[in-house]
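Participant: Next comes upload_22.txt, compact mmCIF, C-alpha atoms:
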```txt
# COMPACT_ATOMS: atom_id res chain seq x y z
CA MET A 1 24.50 30.17 11.04
CA ALA A 2 27.89 31.78 10.68
CA ALA A 3 30.24 30.70 7.93
CA GLU A 4 33.38 28.98 9.14
CA GLN A 5 36.79 30.34 8.34
CA GLY A 6 37.83 30.14 4.69
CA LYS A 7 34.42 29.07 3.44
CA VAL A 8 32.13 30.90 1.07
CA ASP A 9 28.80 31.67 2.67
CA PRO A 10 26.19 31.01 -0.05
CA MET A 11 23.63 33.18 1.75
CA LYS A 12 25.85 36.27 1.85
CA GLN A 13 24.76 37.31 -1.66
CA PHE A 14 21.20 37.89 -0.47
CA GLN A 15 22.18 40.35 2.23
CA ILE A 16 20.58 43.75 1.88
CA GLU A 17 23.02 46.55 2.64
CA PRO A 18 22.59 50.30 2.42
CA VAL A 19 24.47 51.78 -0.54
CA PHE A 20 24.08 55.27 0.84
CA GLY A 21 22.11 56.52 3.76
CA SER A 22 22.38 54.83 7.11
CA ALA A 23 20.43 53.16 9.85
CA ASN A 24 19.35 56.59 11.10
CA TRP A 25 17.23 57.33 8.04
CA GLU A 26 13.91 56.37 9.44
CA ILE A 27 10.28 57.09 8.76
CA ALA A 28 7.90 55.81 11.43
CA GLY A 29 10.44 53.24 12.55
CA PHE A 30 11.17 51.93 9.05
CA ASN A 31 14.61 52.32 7.57
CA ILE A 32 14.55 54.14 4.23
CA ALA A 33 18.25 53.98 3.36
CA PHE A 34 18.94 53.39 -0.37
CA THR A 35 19.89 49.70 -0.39
CA ASN A 36 21.57 47.53 -3.01
CA SER A 37 18.15 46.00 -3.65
CA ALA A 38 16.72 49.43 -4.45
CA LEU A 39 19.79 50.21 -6.57
CA TRP A 40 19.32 47.13 -8.75
CA MET A 41 15.62 47.80 -9.08
CA ALA A 42 16.47 51.31 -10.28
CA VAL A 43 19.04 49.88 -12.73
CA THR A 44 16.39 47.46 -14.02
CA VAL A 45 13.87 50.25 -14.53
CA VAL A 46 16.41 52.45 -16.35
CA LEU A 47 17.46 49.60 -18.66
CA LEU A 48 13.85 48.62 -19.29
CA TRP A 49 12.98 52.23 -20.09
CA ALA A 50 15.94 52.48 -22.47
CA PHE A 51 14.97 49.19 -24.13
CA VAL A 52 11.38 50.22 -24.75
CA TYR A 53 12.28 53.83 -25.64
CA GLY A 54 14.72 52.62 -28.31
CA GLY A 55 11.89 50.70 -29.95
CA MET A 56 9.34 53.53 -29.98
CA LYS A 57 10.55 55.22 -33.19
CA ARG A 58 7.33 54.07 -34.92
CA GLU A 59 9.04 53.55 -38.24
CA LEU A 60 7.00 51.99 -41.02
CA VAL A 61 9.76 49.48 -41.71
CA PRO A 62 10.89 48.47 -38.22
CA GLY A 63 14.60 48.15 -37.50
CA ARG A 64 16.10 45.46 -35.32
CA TRP A 65 15.51 47.26 -32.05
CA GLN A 66 11.91 48.09 -32.83
CA MET A 67 11.36 44.48 -33.89
CA ALA A 68 12.74 43.28 -30.54
CA VAL A 69 10.40 45.52 -28.55
CA GLU A 70 7.43 44.71 -30.77
CA THR A 71 8.11 41.01 -30.40
CA MET A 72 7.91 41.33 -26.62
CA THR A 73 4.74 43.43 -26.63
CA GLY A 74 3.21 41.15 -29.27
CA PHE A 75 4.07 38.12 -27.17
CA ILE A 76 2.27 39.54 -24.11
CA ASP A 77 -0.62 40.74 -26.29
CA ASP A 78 -1.06 37.24 -27.76
CA MET A 79 -0.87 35.65 -24.33
CA LEU A 80 -3.61 37.92 -22.95
CA ALA A 81 -5.76 37.48 -26.06
CA ALA A 82 -5.50 33.71 -25.72
CA ASN A 83 -6.17 33.61 -21.98
CA ILE A 84 -8.62 36.44 -21.35
CA GLY A 85 -10.04 37.28 -24.76
CA LYS A 86 -11.05 40.70 -26.01
CA GLU A 87 -11.10 42.35 -22.59
CA GLY A 88 -7.51 41.29 -22.08
CA ARG A 89 -6.06 44.16 -24.07
CA LYS A 90 -6.42 46.67 -21.27
CA TYR A 91 -4.10 44.58 -19.08
CA VAL A 92 -1.27 44.55 -21.63
CA PRO A 93 0.59 47.50 -20.01
CA TYR A 94 0.45 45.92 -16.55
CA ILE A 95 1.40 42.38 -17.59
CA PHE A 96 4.09 43.68 -19.95
CA SER A 97 5.65 45.81 -17.18
CA LEU A 98 5.45 42.89 -14.76
CA PHE A 99 6.99 40.41 -17.19
CA MET A 100 9.80 42.70 -18.33
CA PHE A 101 10.61 43.89 -14.80
CA ILE A 102 10.93 40.34 -13.51
CA LEU A 103 12.79 39.16 -16.62
CA PHE A 104 15.31 42.01 -16.50
CA GLY A 105 15.72 41.61 -12.75
CA ASN A 106 16.38 37.87 -13.07
CA LEU A 107 18.84 38.30 -15.92
CA LEU A 108 20.70 41.25 -14.37
CA GLY A 109 21.28 39.20 -11.23
CA LEU A 110 23.02 36.56 -13.36
CA LEU A 111 25.46 38.98 -15.01
CA PRO A 112 29.09 38.14 -14.17
CA LEU A 113 29.71 41.64 -12.82
CA GLY A 114 31.66 40.16 -9.93
CA LEU A 115 34.64 40.10 -12.31
CA PHE A 116 34.71 43.90 -12.14
CA GLY A 117 34.28 44.05 -8.37
CA LEU A 118 30.59 44.87 -8.52
CA HIS A 119 28.05 42.77 -6.65
CA PRO A 120 25.02 41.97 -8.76
CA PHE A 121 21.95 41.59 -6.59
CA THR A 122 18.91 39.60 -7.68
CA PHE A 123 16.04 41.47 -6.09
CA THR A 124 13.58 38.79 -7.26
CA SER A 125 15.21 36.39 -4.80
CA HIS A 126 13.53 38.23 -1.93
CA PHE A 127 10.07 37.31 -0.74
CA THR A 128 9.25 40.92 0.15
CA ILE A 129 9.63 41.99 -3.49
CA THR A 130 7.95 39.04 -5.18
CA GLY A 131 5.28 39.21 -2.48
CA VAL A 132 4.46 42.82 -3.34
CA LEU A 133 4.36 41.97 -7.07
CA ALA A 134 2.01 39.05 -6.36
CA LEU A 135 -0.18 41.23 -4.12
CA MET A 136 -0.46 43.74 -6.97
CA SER A 137 -1.78 41.01 -9.28
CA PHE A 138 -4.08 39.71 -6.56
CA SER A 139 -5.42 43.22 -5.83
CA ILE A 140 -6.23 43.68 -9.50
CA VAL A 141 -8.12 40.37 -9.46
CA LEU A 142 -10.12 41.38 -6.37
CA ILE A 143 -10.84 44.94 -7.55
CA VAL A 144 -11.82 43.92 -11.09
CA GLY A 145 -13.81 40.94 -9.85
CA PHE A 146 -15.90 42.83 -7.32
CA TRP A 147 -16.21 45.88 -9.59
CA LYS A 148 -17.53 43.86 -12.52
CA HIS A 149 -19.58 41.15 -10.85
CA GLY A 150 -20.31 42.59 -7.41
CA ILE A 151 -21.32 39.91 -4.93
CA GLY A 152 -21.62 37.49 -7.86
CA PHE A 153 -17.84 37.22 -7.80
CA PHE A 154 -18.30 34.61 -5.09
CA GLY A 155 -19.81 32.44 -7.83
CA LEU A 156 -16.18 31.80 -8.77
CA PHE A 157 -15.98 29.46 -5.80
CA VAL A 158 -18.94 27.32 -6.88
CA PRO A 159 -18.26 25.56 -10.20
CA HIS A 160 -21.19 25.06 -12.55
CA GLY A 161 -23.28 21.95 -11.99
CA THR A 162 -22.18 21.34 -8.42
CA PRO A 163 -24.72 19.19 -6.54
CA LEU A 164 -26.36 21.15 -3.73
CA PRO A 165 -24.98 19.12 -0.77
CA MET A 166 -21.43 19.57 -2.14
CA ILE A 167 -21.61 23.37 -2.34
CA PRO A 168 -20.50 24.22 1.25
CA LEU A 169 -17.54 21.85 1.03
CA LEU A 170 -16.45 22.96 -2.45
CA PHE A 171 -16.87 26.62 -1.51
CA VAL A 172 -14.40 26.26 1.33
CA ILE A 173 -11.90 24.36 -0.82
CA GLU A 174 -12.13 26.80 -3.72
CA LEU A 175 -11.91 29.79 -1.39
CA PHE A 176 -8.78 28.37 0.18
CA SER A 177 -7.17 27.66 -3.18
CA PHE A 178 -8.07 31.20 -4.24
CA LEU A 179 -6.55 32.78 -1.15
CA ILE A 180 -3.34 30.75 -1.45
CA ARG A 181 -2.71 32.13 -4.96
CA PRO A 182 -0.69 35.25 -4.11
CA ILE A 183 1.48 33.24 -1.73
CA SER A 184 2.20 30.48 -4.24
CA LEU A 185 2.78 33.05 -6.99
CA ALA A 186 5.34 34.95 -4.91
CA LEU A 187 6.90 31.82 -3.46
CA ARG A 188 7.55 30.23 -6.84
CA LEU A 189 9.58 33.12 -8.22
CA PHE A 190 11.46 33.80 -4.98
CA VAL A 191 12.44 30.20 -4.28
CA ALA A 192 13.36 29.42 -7.89
CA MET A 193 15.71 32.40 -8.06
CA MET A 194 17.16 31.85 -4.60
CA ALA A 195 17.73 28.12 -5.13
CA GLY A 196 19.55 28.75 -8.40
CA HIS A 197 21.85 31.37 -6.92
CA VAL A 198 22.62 29.26 -3.86
CA LEU A 199 23.45 26.33 -6.15
CA LEU A 200 25.83 28.48 -8.21
CA LYS A 201 27.59 29.74 -5.08
CA ILE A 202 27.93 26.22 -3.66
CA LEU A 203 29.50 25.01 -6.92
CA ALA A 204 31.84 28.03 -6.79
CA THR A 205 32.80 26.93 -3.27
CA PHE A 206 33.66 23.49 -4.67
CA VAL A 207 35.95 25.05 -7.29
CA ILE A 208 37.79 27.27 -4.81
CA GLY A 209 37.89 24.65 -2.08
CA SER A 210 39.21 21.89 -4.32
CA VAL A 211 42.06 24.09 -5.57
CA ASN A 212 42.94 24.98 -1.99
CA ALA A 213 42.83 21.32 -0.93
CA GLY A 214 45.76 20.28 -3.10
CA ALA A 215 46.85 19.43 -6.64
CA LEU A 216 44.98 16.12 -6.87
CA TYR A 217 41.61 17.54 -5.81
CA GLY A 218 42.24 20.70 -7.82
CA ALA A 219 42.84 18.68 -11.00
CA THR A 220 39.86 16.34 -10.59
CA ILE A 221 37.01 18.00 -8.73
CA GLY A 222 37.80 21.60 -9.71
CA PRO A 223 37.27 21.35 -13.50
CA ALA A 224 34.24 19.07 -13.08
CA ALA A 225 32.58 21.56 -10.73
CA LEU A 226 33.47 24.46 -13.04
CA ILE A 227 31.91 22.74 -16.08
CA LEU A 228 28.81 21.89 -14.04
CA MET A 229 28.65 25.52 -12.91
CA ILE A 230 28.72 26.77 -16.51
CA ALA A 231 25.96 24.31 -17.43
CA ILE A 232 23.88 25.37 -14.41
CA SER A 233 24.40 29.03 -15.39
CA ALA A 234 22.87 28.25 -18.79
CA LEU A 235 20.00 26.50 -17.00
CA GLU A 236 19.56 29.55 -14.77
CA ILE A 237 19.15 31.80 -17.82
CA LEU A 238 16.37 29.46 -18.97
CA VAL A 239 14.81 29.47 -15.50
CA ALA A 240 14.96 33.30 -15.40
CA GLY A 241 12.90 33.43 -18.59
CA ILE A 242 10.49 30.65 -17.60
CA GLN A 243 9.80 32.09 -14.14
CA ALA A 244 9.08 35.55 -15.56
CA TYR A 245 6.79 33.93 -18.14
CA VAL A 246 5.03 31.78 -15.54
CA PHE A 247 4.46 34.79 -13.28
CA ALA A 248 2.93 36.77 -16.14
CA LEU A 249 0.93 33.75 -17.36
CA LEU A 250 -0.55 32.94 -13.95
CA SER A 251 -1.33 36.63 -13.33
CA SER A 252 -3.23 36.74 -16.61
CA LEU A 253 -5.08 33.52 -15.74
CA TYR A 254 -6.13 34.93 -12.38
CA ILE A 255 -7.26 38.13 -14.07
CA ASN A 256 -9.24 35.95 -16.49
CA ASP A 257 -11.11 34.50 -13.51
CA ALA A 258 -12.01 38.01 -12.41
CA GLU A 259 -13.05 39.14 -15.91
CA ASN A 260 -15.05 36.12 -17.03
CA LEU A 261 -15.68 34.15 -13.82
CA HIS A 262 -15.57 30.52 -14.94
CA MET B 1 18.71 12.87 19.42
CA ASP B 2 20.50 16.17 19.36
CA MET B 3 18.20 18.97 18.16
CA GLU B 4 20.72 20.36 15.67
CA ALA B 5 21.31 16.91 14.17
CA ALA B 6 17.58 16.31 13.89
CA LYS B 7 17.17 19.59 11.97
CA MET B 8 19.91 18.64 9.54
CA ILE B 9 18.40 15.19 8.95
CA GLY B 10 15.02 16.81 8.37
CA ALA B 11 16.53 19.23 5.87
CA GLY B 12 18.17 16.34 4.07
CA LEU B 13 14.90 14.42 3.98
CA ALA B 14 13.26 17.46 2.37
CA ALA B 15 15.49 16.80 -0.65
CA VAL B 16 13.35 13.69 -1.30
CA GLY B 17 10.50 16.07 -2.07
CA ALA B 18 12.66 17.96 -4.56
CA GLY B 19 13.51 14.69 -6.31
CA LEU B 20 9.86 13.66 -6.52
CA ALA B 21 8.95 17.07 -7.93
CA ALA B 22 11.63 16.49 -10.56
CA LEU B 23 9.70 13.35 -11.59
CA GLY B 24 6.55 15.42 -11.79
CA VAL B 25 8.12 18.17 -13.92
CA GLY B 26 9.67 15.56 -16.20
CA ASN B 27 6.30 13.89 -16.55
CA VAL B 28 4.68 17.19 -17.57
CA PHE B 29 7.13 17.80 -20.39
CA ALA B 30 7.28 14.15 -21.45
CA SER B 31 3.51 13.93 -21.76
CA PHE B 32 3.40 17.21 -23.65
CA LEU B 33 6.05 16.04 -26.09
CA GLU B 34 4.30 12.73 -26.56
CA GLY B 35 1.07 14.47 -27.42
CA ALA B 36 2.78 17.14 -29.49
CA LEU B 37 4.53 14.60 -31.70
CA ARG B 38 1.24 12.85 -32.38
CA ASN B 39 -0.51 16.07 -33.31
CA PRO B 40 2.04 18.83 -34.00
CA GLY B 41 -0.67 21.14 -35.33
CA ALA B 42 -2.29 21.48 -31.93
CA ALA B 43 0.96 21.74 -29.95
CA ASP B 44 1.54 25.49 -30.17
CA SER B 45 -1.89 26.36 -28.85
CA GLN B 46 -1.29 24.26 -25.72
CA GLN B 47 1.97 25.83 -24.60
CA GLY B 48 0.24 27.98 -22.02
CA ARG B 49 -1.27 24.88 -20.42
CA LEU B 50 2.15 23.21 -20.55
CA PHE B 51 3.62 25.96 -18.42
CA ILE B 52 0.67 25.97 -16.02
CA GLY B 53 1.29 22.28 -15.43
CA PHE B 54 4.99 22.91 -15.11
CA ALA B 55 4.41 25.70 -12.58
CA ALA B 56 2.06 23.59 -10.47
CA ALA B 57 4.44 20.61 -10.38
CA GLU B 58 7.48 22.78 -9.75
CA LEU B 59 5.90 24.66 -6.85
CA LEU B 60 5.76 21.52 -4.73
CA GLY B 61 9.47 20.90 -5.27
CA LEU B 62 10.22 24.48 -4.33
CA LEU B 63 8.17 23.99 -1.17
CA ALA B 64 10.46 21.10 -0.27
CA PHE B 65 13.45 23.41 -0.71
CA LEU B 66 11.71 25.97 1.46
CA VAL B 67 11.19 23.38 4.21
CA ALA B 68 14.92 22.65 4.14
CA VAL B 69 15.82 26.35 4.31
CA ILE B 70 13.41 26.97 7.19
CA LEU B 71 14.80 23.98 9.10
CA ILE B 72 18.40 25.13 8.68
CA PHE B 73 18.09 28.90 9.08
CA VAL B 74 14.88 29.63 10.95
CA ALA B 75 13.78 26.75 13.17
```
Show how you would write the structure in this file as structure tokens.
Facilitator:
Amino acid sequence: MAAEQGKVDPMKQFQIEPVFGSANWEIAGFNIAFTNSALWMAVTVVLLWAFVYGGMKRELVPGRWQMAVETMTGFIDDMLAANIGKEGRKYVPYIFSLFMFILFGNLLGLLPLGLFGLHPFTFTSHFTITGVLALMSFSIVLIVGFWKHGIGFFGLFVPHGTPLPMIPLLFVIELFSFLIRPISLALRLFVAMMAGHVLLKILATFVIGSVNAGALYGATIGPAALILMIAISALEILVAGIQAYVFALLSSLYINDAENLH
Amino acid sequence: MDMEAAKMIGAGLAAVGAGLAALGVGNVFASFLEGALRNPGAADSQQGRLFIGFAAAELLGLLAFLVAVILIFVA
């Protein structure tokens, strides 16, 4: 659906464009141009690396930076200890990377860099990216589950104490709810981020449009929409944190199923 | 009815789902707070479960949004 003249298209911000490279850069029919999505992922990784590196001084009396990093690692460590138990420690690097990557990606996309002519891009608002992250978690669940329990991993789909005639029915239901997990995991993050950014852009359209529509509209609707937009921005920062947390939490719960069955 | 109009009405109706999910999410946090104020000592240990409930309730609202987006942009 094309945007009409003079209107802000709220979907434009999700467009993937090559930063350098062109449509001709192809491997087996797939374009490999360096896109804005890839650029922001690289920025996220560099910032994340800098954040963690700054806290790896290993001083006996930690400074502020080290405290910040240790709080984050401790937070993930506690979460895994509470959800998985002793075996959870070996997943700390994966869950920590996942959590911080999503958190930094969400927050970077909210930065008001548009003021300086840059276009922040929230890569977590794309299903391809959240889908790959979810598939990584799901692959770990499958690999660990079948590695540790072998064919007994299918016992996950039959809860303890199920009456015999109910087993075929429950097996199908549990299998379905198991297979839907990566989709729901990816969908939650992608839709939450996309909905928030669309909402912000629509409110921005209200501000610009009301000013263009005349003094009366500009004085009434404009400020109201602007205040709402600031409030929604604050909400979006909260959502960015919650969604990263929920992704990491659900990943650790699914890994718990693979480690301990039920 | 015109196909385009029907799509728009469908997308608007999907907003009902988002509103109902809002009730669900509110219910999750309200119940948690109710329980947490009765027994503050046990509240911190249940925060993980709070967010699992939140995530499950929220997903259905997000699905409603997705239905609207698919109706407008894809279908």
Participant: For chain B, which residue out of A:Thr73, A:Asn212, A:Asn83, A:Gln66 is the nearest one, using all atoms listed in the file?
Facilitator: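 The closest residue to chain B is A:Asn83.
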Participant: Of the candidates A:Leu60, A:Val158, A:Ala82, A:Leu98, which one gets nearest to chain B if we count only C-alpha atoms?
Facilitator: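 Result for the nearest residue to chain B: A:Ala82.
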Participant: Could you check how far CA of Pro159 in chain A sits from CA of Asp257 in chain A, in Å to one decimal?
Facilitator: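 Between CA of Pro159 in chain A and CA of Asp257 in chain A the gap works out to 11.9 Å.
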Participant: Skip Pro182 in chain A itself and residues of its chain fewer than 6 positions away, then list as a ChimeraX atom specification all residues within 9 Å of it, counting all atoms listed in the file.
Facilitator: /A:131,133-138
Participant: Report the closest atom pair, with its distance in Å rounded to one decimal, for each residue of chain B that has an atom no farther than 9 Å from chain A; count all atoms listed in the file, sort by chain and then rising residue number, and write it as CSV.
Facilitator:
```
residue,atom,partner,partner_atom,distance
B:Ser45,CA,A:Ala82,CA,8.8
B:Gly48,CA,A:Leu249,CA,7.4
B:Phe51,CA,A:Val246,CA,6.6
B:Ile52,CA,A:Val246,CA,7.3
B:Phe54,CA,A:Val246,CA,8.9
B:Ala55,CA,A:Val246,CA,6.8
B:Glu58,CA,A:Arg188,CA,8.0
B:Leu59,CA,A:Arg188,CA,5.8
B:Leu62,CA,A:Val191,CA,6.1
B:Leu63,CA,A:Val191,CA,8.2
B:Phe65,CA,A:Val191,CA,7.7
B:Leu66,CA,A:Val191,CA,7.2
B:Ile72,CA,A:Met1,CA,8.3
B:Phe73,CA,A:Met1,CA,6.8
```
Participant: Output the selection as a tab-separated table (two decimals), keeping the file's coordinate frame - C-alpha atoms for each residue.
Facilitator:
```
chain	number	residue	atom	x	y	z
B	45	SER	CA	-1.89	26.36	-28.85
B	48	GLY	CA	0.24	27.98	-22.02
B	51	PHE	CA	3.62	25.96	-18.42
B	52	ILE	CA	0.67	25.97	-16.02
B	54	PHE	CA	4.99	22.91	-15.11
B	55	ALA	CA	4.41	25.70	-12.58
B	58	GLU	CA	7.48	22.78	-9.75
B	59	LEU	CA	5.90	24.66	-6.85
B	62	LEU	CA	10.22	24.48	-4.33
B	63	LEU	CA	8.17	23.99	-1.17
B	65	PHE	CA	13.45	23.41	-0.71
B	66	LEU	CA	11.71	25.97	1.46
B	72	ILE	CA	18.40	25.13	8.68
B	73	PHE	CA	18.09	28.90	9.08
```
Participant: Can you tell me, as a PyMOL selection string, what residues are no more than 12 Å from range 140-155 of chain A when counting only C-alpha atoms, ignoring any on the same chain fewer than 3 positions away?
Facilitator: chain A and resi 87+90-91+94-95+133-137+158-162+167+170-172+174-175+178-179+181-182+250-262
Participant: Find the residues near range 36-50 of chain A: any atom within 10 Å, counting all atoms listed in the file, skip ones fewer than 2 places away on the same chain, and give them as a count of residues only.
Facilitator: 32
Participant: Rank nothing, just name the residue among B:Val25, B:Leu37, B:Ala43, B:Val74 nearest to Ala57 in chain B, using all atoms listed in the file.
Facilitator: B:Val25
Participant: Which polymer residues have any atom within 10 Å of an atom of Leu33 in chain B, counting all atoms listed in the file, with same-chain residues fewer than 6 positions away left out, as a PyMOL selection string?
Facilitator: chain B and resi 27+39-40+43+50
Participant: Hey, can I get the axis-aligned box for range 184-189 of chain A? All listed atoms, 3 Å padding on each side, centre and edge lengths in Å to one decimal, as AutoDock Vina command-line options.
Facilitator:
```
--center_x 5.9 --center_y 32.6 --center_z -5.8 --size_x 13.4 --size_y 10.7 --size_z 10.8
```
Participant: Expressed in Å to a single decimal, how great is the separation between CA of Ala22 in chain B and CA of Leu226 in chain A?
Facilitator: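 One can read the CA of Ala22 in chain B to CA of Leu226 in chain A distance as 23.4 Å.
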Participant: Would you compute the distance between CA of Ile76 in chain A and CA of Phe96 in chain A? Give it in Å to one decimal.
Facilitator: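 Computed distance, CA of Ile76 in chain A to CA of Phe96 in chain A, equals 6.1 Å.
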